[in-house]
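Below is one structure, written out as structure tokens; the observations come after it.
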Amino acid sequence: MSDLDLPTPAASVSQAAFSHAMMDGSAAVPAGLVDPQNASAGRRFAVYRNNIAVSLTEAMHSAFPVIAKLLGKANMDGLAGLYLRAHPPSSPLMMFYGAEFPAFLEAMPQLNHLGYLGDVARLELALRQSYHAADAAPIAPEALADLSEAELLATKVTFAPALQLLRSKWPLCAIWHFNTLADAPTPQAGAQNILITLPEFDPIPQVLSDAGILWITALQEGASIAEAVARATEVEDGFDLVAPLTLLLQGNAIIGLENKG
Amino acid sequence: MLDTAAFKTLPNAPGVGYKPQHFSQIITQADPVQWLEIHAENYMGDGGRPLAQLRHLAEQFAISVHGVGLSIGGEDPLDPSHLARLKHLISWLNPASFSEHLAWSTHDGHFYNDLLPLPYTDATLNRVCDHIDQLQEAIGRKMLLENPSSYLAFAESTWSEPAFLAEISRRTGCGLLLDVNNVFVSASNLDFSPQGYIDDFPLDQVGEIHLGGHDEDEDDAGRPLLIDSHGRAVVDPVWALLDYTLARCGPKPVLIEWDNDVPDWPVLAAEAHRAADALSGLCEKTCATLPCRPLCPHERFGLAHPCRIRVSGGL
């Protein structure tokens, strides 16, 4: 039997082969991708390699503007190129791309001297989560003022989905402000906790004390205001809830009250 | 059964791809823009400014939802969670139109954030039709499928692109979104006649036309390689191809896409004005040579014109 006269079937290009060649710039262009003269597509295939690299690098720049500012454009481009190959998006919702970037930064030996980068990236992720969080109507401030002290202490609260908490051993909020506000002071060494609220459409990060973040965390876990104060008092004698409560109210972060008794 | 009669339709007028930086100007000085297109995936967050702006815009404009991430041409099954997100968005927004691409973007759990090409074979035809059936069933209405920009071809393809799209439309009942810039880019890159492509295209299935800018590069042999960049103004030959198309299909909703290096509003509005001119000039250009069509663009735009125009392939 001779197959000499049979036409050669055109090579079939699987999406696995296309993807592999697109993500690995040193891989050969899959046979079966051709130009109008039926020659190998060659450089034409590079359009796809370039599109994905450019679009995902731009996505990383807009997702992590402070990281990009801290590292400079060229370094950010390089890191984004490594990151997009290690962690290509797993969803078409690009608004949430980059979830593994904090750990990725912390695992880069070349960045060991910038230990705060991971937390800065966590803050930028949390700000985006807050920006896209579900809408929820805040309570009226009078709703608390109308309560007796006993009623207030027994109250449990529900927070807006946009509320986010972060703990950092770095002066995280100061670093963020220094890189986003014109007149912000130089960050001083020291740990900072952050509360993110969404008063309207733009998330705002603010510093919380150790006791303040414990108090809000206890409330998130379902404690009453009195129970949460007791937890906070364990780390700060004479803890006063007025400061963190004011931040929550100004940030439209409380959306429900539950009074028992 | 899909009940499409109940939905609003896009007007046969200029629209633009919505960019948040234009929000306040669109609200106050949209002219001549009569409808807006959004990328579905940008409005799949849970709340906040994007959805608040979209709700506001939808009170004033017909909205076209344009998906860029469903991967209809993918070898893998459609992502059920993404289908559910699309269904949710279309359900609460009730847009005038939903469209997606003849392309794939996801494989083996990875999303590549680009519109990737597929060969045109009987096997891919069946797969695309299955996916469109599944989508149209999920969202309860018919979609428009857009022709891609091509930089290369598949040796294994056995269908021409217009015939492939016509057959998809025939089998699934979906309409088509004709991107005239994509036709121009593909025709240049793959060495065919853009007018011939339009002649072969099932224009009676077209529910929307796209226009955008492209970049110019070169392939290995130094031949021009056009890149669909959506980053600049529409070039004159593409405007001419729009005229050629409108003369054959009659007035359609015409969208200006400008997604990268987005200009200030007046620049985008000027492009929309040019699209309005193409739609309103249609009557003069076509009535001399073609029989008349009931709804003439002069009537649409409130201009006096004696003729009753019908364009071949139209009503």
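Residues are named by chain letter and number: chains run A, B, ... in the order of the structure tokens, numbers start at 1 in each chain, and ligands are numbered from 1 in the order shown.
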
query = Which residues, written as a ChimeraX atom specification, have at least one atom at most 8 Å from Tyr83 (chain A), with only C-alpha atoms counted and residues fewer than 5 positions away on the same chain left out?
reply = /A:88,101,104

request  = Would you give me, as a PyMOL selection string, the residues of chain A that come within 8 Å of chain B, using only C-alpha atoms?
outcome  = chain A and resi 9-13+15-16+19+32-36+38+41-45+47-48+51-52+55-56+88-95+131-135+201

Go ahead and save the picked residues with N, CA and C atoms, as a short mmCIF file (atom, residue, chain, number, x, y, z; two decimals), in the first residue's frame.
data_model
loop_
_atom_site.label_atom_id
_atom_site.label_comp_id
_atom_site.auth_asym_id
_atom_site.auth_seq_id
_atom_site.Cartn_x
_atom_site.Cartn_y
_atom_site.Cartn_z
N PRO A 9 -2.68 15.74 5.18
CA PRO A 9 -3.71 16.48 5.89
C PRO A 9 -3.11 17.69 6.59
N ALA A 10 -3.85 18.78 6.59
CA ALA A 10 -3.35 19.98 7.26
C ALA A 10 -3.23 19.71 8.75
N ALA A 11 -2.13 20.21 9.33
CA ALA A 11 -1.92 20.01 10.76
C ALA A 11 -3.02 20.70 11.55
N SER A 12 -3.52 19.99 12.55
CA SER A 12 -4.55 20.55 13.42
C SER A 12 -3.86 21.21 14.62
N VAL A 13 -4.31 22.38 15.00
CA VAL A 13 -3.68 23.11 16.11
C VAL A 13 -4.63 23.09 17.30
N GLN A 15 -5.93 23.95 21.15
CA GLN A 15 -5.83 25.16 21.98
C GLN A 15 -4.77 24.99 23.05
N ALA A 16 -4.49 23.74 23.43
CA ALA A 16 -3.39 23.50 24.38
C ALA A 16 -2.06 23.90 23.74
N SER A 19 -1.94 27.70 23.34
CA SER A 19 -1.70 28.36 24.63
C SER A 19 -0.24 28.22 25.05
N GLY A 32 0.68 24.50 11.18
CA GLY A 32 -0.75 24.60 10.89
C GLY A 32 -1.26 26.02 11.01
N LEU A 33 -0.46 26.91 11.62
CA LEU A 33 -0.80 28.35 11.64
C LEU A 33 0.00 28.98 10.51
N VAL A 34 -0.69 29.61 9.57
CA VAL A 34 -0.03 30.00 8.33
C VAL A 34 -0.34 31.45 7.94
N ASP A 35 0.48 31.95 7.03
CA ASP A 35 0.22 33.27 6.43
C ASP A 35 -0.56 33.05 5.13
N PRO A 36 -0.88 34.12 4.38
CA PRO A 36 -1.72 33.93 3.18
C PRO A 36 -1.06 33.04 2.12
N ASN A 38 0.45 30.34 2.82
CA ASN A 38 0.51 29.02 3.42
C ASN A 38 1.88 28.72 4.04
N ALA A 41 3.21 30.89 10.11
CA ALA A 41 2.75 32.22 10.53
C ALA A 41 3.88 33.07 11.08
N GLY A 42 4.92 32.42 11.63
CA GLY A 42 6.09 33.16 12.11
C GLY A 42 5.73 34.31 13.02
N ARG A 43 6.17 35.48 12.62
CA ARG A 43 6.04 36.66 13.46
C ARG A 43 4.57 37.04 13.70
N ARG A 44 3.69 36.61 12.80
CA ARG A 44 2.27 36.92 13.01
C ARG A 44 1.76 36.33 14.33
N PHE A 45 2.31 35.18 14.70
CA PHE A 45 1.89 34.57 15.96
C PHE A 45 2.31 35.44 17.15
N VAL A 47 1.92 38.41 17.56
CA VAL A 47 0.88 39.37 17.93
C VAL A 47 0.15 38.87 19.18
N TYR A 48 -0.16 37.58 19.20
CA TYR A 48 -0.89 37.04 20.35
C TYR A 48 0.00 37.01 21.59
N ASN A 51 0.04 40.59 22.72
CA ASN A 51 -1.23 41.07 23.27
C ASN A 51 -1.41 40.62 24.72
N ILE A 52 -1.15 39.34 24.98
CA ILE A 52 -1.41 38.86 26.35
C ILE A 52 -0.40 39.48 27.31
N SER A 55 -1.42 43.27 27.70
CA SER A 55 -2.69 43.53 28.38
C SER A 55 -2.61 43.13 29.86
N LEU A 56 -1.93 42.02 30.16
CA LEU A 56 -1.85 41.62 31.57
C LEU A 56 -0.86 42.49 32.33
N PRO A 88 -1.26 32.98 35.43
CA PRO A 88 -2.20 33.57 34.47
C PRO A 88 -3.58 33.67 35.11
N PRO A 89 -4.40 34.61 34.66
CA PRO A 89 -5.72 34.77 35.29
C PRO A 89 -6.51 33.46 35.23
N SER A 90 -7.28 33.22 36.25
CA SER A 90 -8.13 32.02 36.27
C SER A 90 -9.59 32.39 36.02
N SER A 91 -9.86 33.67 35.79
CA SER A 91 -11.23 34.14 35.61
C SER A 91 -11.20 35.35 34.69
N PRO A 92 -12.28 35.56 33.91
CA PRO A 92 -12.34 36.76 33.08
C PRO A 92 -12.60 38.03 33.86
N LEU A 93 -12.76 37.95 35.17
CA LEU A 93 -12.98 39.16 35.97
C LEU A 93 -11.62 39.77 36.32
N MET A 94 -11.11 40.59 35.40
CA MET A 94 -9.77 41.14 35.59
C MET A 94 -9.71 42.09 36.77
N MET A 95 -10.85 42.57 37.24
CA MET A 95 -10.86 43.48 38.39
C MET A 95 -10.29 42.80 39.64
N TYR A 131 -13.80 48.53 46.74
CA TYR A 131 -14.38 49.34 45.65
C TYR A 131 -15.52 48.60 44.96
N HIS A 132 -15.36 47.29 44.79
CA HIS A 132 -16.36 46.51 44.05
C HIS A 132 -17.35 45.79 44.97
N ALA A 133 -17.28 46.04 46.28
CA ALA A 133 -18.14 45.31 47.22
C ALA A 133 -19.61 45.67 47.02
N ALA A 134 -20.47 44.77 47.47
CA ALA A 134 -21.91 44.98 47.33
C ALA A 134 -22.34 46.24 48.08
N ASP A 135 -23.31 46.95 47.50
CA ASP A 135 -23.86 48.15 48.14
C ASP A 135 -24.67 47.75 49.37
N PHE A 201 -17.99 56.07 47.05
CA PHE A 201 -17.51 55.16 46.00
C PHE A 201 -16.01 54.93 46.04
#

All strand (DSSP E or B) residues (DSSP, backbone) inside region 1-179 of chain B, as a PyMOL selection string = chain B and resi 14-17+35-39+62-66+97-101+104-107+110-116+144-146+153-154+175-179

Residues from last step as file, N, CA and C atoms, as a compact mmCIF listing (two decimals), in the first residue's frame:
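Saved as result.txt:
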# COMPACT_ATOMS: atom_id res chain seq x y z
N PRO B 14 -25.47 56.33 15.95
CA PRO B 14 -24.15 56.10 16.52
C PRO B 14 -24.19 55.78 18.02
N GLY B 15 -23.31 54.89 18.41
CA GLY B 15 -23.06 54.60 19.83
C GLY B 15 -21.56 54.64 20.05
N VAL B 16 -21.14 54.65 21.32
CA VAL B 16 -19.71 54.56 21.64
C VAL B 16 -19.51 53.55 22.75
N GLY B 17 -18.30 53.00 22.78
CA GLY B 17 -17.90 52.16 23.90
C GLY B 17 -17.75 53.05 25.12
N TRP B 35 -26.59 55.59 22.04
CA TRP B 35 -26.54 54.36 22.84
C TRP B 35 -25.10 54.07 23.22
N LEU B 36 -24.94 53.23 24.24
CA LEU B 36 -23.61 52.94 24.79
C LEU B 36 -23.38 51.44 24.84
N GLU B 37 -22.12 51.08 24.67
CA GLU B 37 -21.77 49.67 24.83
C GLU B 37 -20.82 49.52 26.02
N ILE B 38 -21.06 48.51 26.83
CA ILE B 38 -20.17 48.23 27.97
C ILE B 38 -19.59 46.83 27.80
N HIS B 39 -18.41 46.63 28.36
CA HIS B 39 -17.84 45.28 28.41
C HIS B 39 -18.42 44.58 29.63
N ALA B 62 -30.02 53.45 25.58
CA ALA B 62 -30.04 52.01 25.31
C ALA B 62 -28.63 51.49 25.53
N ILE B 63 -28.53 50.33 26.17
CA ILE B 63 -27.21 49.77 26.49
C ILE B 63 -27.02 48.46 25.73
N SER B 64 -25.84 48.34 25.14
CA SER B 64 -25.41 47.07 24.54
C SER B 64 -24.37 46.45 25.46
N VAL B 65 -24.60 45.21 25.87
CA VAL B 65 -23.63 44.49 26.70
C VAL B 65 -22.78 43.62 25.78
N HIS B 66 -21.47 43.85 25.84
CA HIS B 66 -20.54 43.19 24.93
C HIS B 66 -19.59 42.33 25.77
N SER B 97 -29.14 44.81 23.82
CA SER B 97 -28.43 43.82 23.01
C SER B 97 -27.37 43.14 23.85
N PHE B 98 -27.09 41.88 23.52
CA PHE B 98 -25.93 41.19 24.08
C PHE B 98 -25.12 40.60 22.93
N SER B 99 -23.81 40.82 22.95
CA SER B 99 -22.95 40.28 21.90
C SER B 99 -21.69 39.66 22.50
N GLU B 100 -21.10 38.76 21.75
CA GLU B 100 -19.84 38.12 22.13
C GLU B 100 -19.06 37.84 20.85
N HIS B 101 -17.91 37.17 20.98
CA HIS B 101 -16.97 37.04 19.86
C HIS B 101 -16.82 35.61 19.36
N TRP B 104 -11.79 32.37 21.25
CA TRP B 104 -11.67 31.74 22.56
C TRP B 104 -10.69 32.54 23.39
N SER B 105 -10.83 32.45 24.70
CA SER B 105 -9.95 33.21 25.59
C SER B 105 -9.56 32.40 26.82
N THR B 106 -10.23 31.27 27.03
CA THR B 106 -9.93 30.46 28.21
C THR B 106 -9.59 29.04 27.75
N HIS B 107 -8.53 28.49 28.33
CA HIS B 107 -8.23 27.07 28.09
C HIS B 107 -7.65 26.47 29.36
N HIS B 110 -7.22 28.63 32.44
CA HIS B 110 -6.48 29.89 32.35
C HIS B 110 -7.19 30.84 31.40
N PHE B 111 -7.36 32.08 31.85
CA PHE B 111 -7.99 33.12 31.03
C PHE B 111 -6.88 34.00 30.45
N TYR B 112 -6.85 34.14 29.11
CA TYR B 112 -5.72 34.81 28.46
C TYR B 112 -5.99 36.28 28.12
N ASN B 113 -7.15 36.79 28.47
CA ASN B 113 -7.42 38.23 28.31
C ASN B 113 -7.19 38.71 26.89
N ASP B 114 -7.49 37.86 25.91
CA ASP B 114 -7.35 38.24 24.51
C ASP B 114 -8.36 37.40 23.72
N LEU B 115 -8.66 37.83 22.51
CA LEU B 115 -9.59 37.09 21.65
C LEU B 115 -8.75 36.26 20.69
N LEU B 116 -8.72 34.96 20.93
CA LEU B 116 -7.82 34.07 20.20
C LEU B 116 -8.58 33.35 19.09
N LEU B 144 -25.71 38.44 19.53
CA LEU B 144 -24.99 38.76 18.29
C LEU B 144 -23.57 38.22 18.42
N LEU B 145 -23.07 37.60 17.34
CA LEU B 145 -21.71 37.05 17.33
C LEU B 145 -20.85 37.90 16.40
N GLU B 146 -19.67 38.30 16.93
CA GLU B 146 -18.80 39.23 16.18
C GLU B 146 -17.68 38.51 15.43
N ALA B 153 -3.82 32.42 9.55
CA ALA B 153 -4.90 31.51 9.17
C ALA B 153 -4.55 30.10 9.66
N PHE B 154 -5.56 29.23 9.69
CA PHE B 154 -5.36 27.83 10.06
C PHE B 154 -5.39 27.00 8.76
N GLY B 175 -27.93 36.51 15.92
CA GLY B 175 -27.61 37.56 14.96
C GLY B 175 -26.11 37.74 14.89
N LEU B 176 -25.67 38.68 14.08
CA LEU B 176 -24.23 38.89 13.90
C LEU B 176 -23.87 40.34 14.16
N LEU B 177 -22.69 40.52 14.70
CA LEU B 177 -22.12 41.85 14.90
C LEU B 177 -21.00 41.96 13.88
N LEU B 178 -21.14 42.87 12.94
CA LEU B 178 -20.15 43.02 11.87
C LEU B 178 -19.17 44.13 12.23
N ASP B 179 -17.93 43.73 12.55
CA ASP B 179 -16.90 44.72 12.84
C ASP B 179 -16.18 45.03 11.53

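Distances here use only C-alpha atoms; by that measure, the residue among A:Ala46, A:Leu147, A:Ile175, A:Ala243 closest to Phe18 (chain A) is A:Ala46.
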
inquiry  = Please report the interatomic distance between CA of Gly256 (chain A) and CA of Thr158 (chain A) in Å with one decimal.
reply    =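 Spanning CA of Gly256 (chain A) to CA of Thr158 (chain A) is a straight-line distance of 4.7 Å.
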
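Residues in contact with region 21-30 of chain B at up to 10 Å, not including ones fewer than 2 positions away on its chain and judged by only C-alpha atoms, are Gly15, Val16, Tyr18, Lys19, Pro32, Val33, Gln34, Trp35, Leu36, Gln53, Leu54, His56, Leu57, Gln60, Phe61, Val262, Pro263, Asp264, Trp265, Pro266, Leu268, Ala269 and Ala272 of chain B.
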
Please produce a file of the residues just selected, as a CSV table (one decimal), in the first residue's frame, where the atoms kept are C-alpha atoms.
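Result saved to part.csv:
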chain,number,residue,atom,x,y,z
B,15,GLY,CA,-23.1,54.6,19.8
B,16,VAL,CA,-19.7,54.6,21.6
B,18,TYR,CA,-18.5,53.6,27.4
B,19,LYS,CA,-15.4,54.7,29.4
B,32,PRO,CA,-24.9,62.5,18.6
B,33,VAL,CA,-24.4,59.4,20.7
B,34,GLN,CA,-27.7,57.6,21.2
B,35,TRP,CA,-26.5,54.4,22.8
B,36,LEU,CA,-23.6,52.9,24.8
B,53,GLN,CA,-22.9,54.6,36.9
B,54,LEU,CA,-24.3,51.8,34.8
B,56,HIS,CA,-27.7,55.9,35.8
B,57,LEU,CA,-26.7,55.5,32.2
B,60,GLN,CA,-30.8,57.6,29.7
B,61,PHE,CA,-29.4,55.3,27.0
B,262,VAL,CA,-8.8,56.7,25.3
B,263,PRO,CA,-9.1,60.3,24.1
B,264,ASP,CA,-11.1,63.2,25.6
B,265,TRP,CA,-14.8,63.2,25.0
B,266,PRO,CA,-14.8,65.7,22.1
B,268,LEU,CA,-14.7,60.4,20.5
B,269,ALA,CA,-17.9,62.5,19.9
B,272,ALA,CA,-19.6,59.5,16.4

key: Nearest to Ser26 (chain A) by atom-to-atom distance, counting only C-alpha atoms, from A:Pro171, A:Arg49, A:Ser40, A:Ala103   = A:Arg49
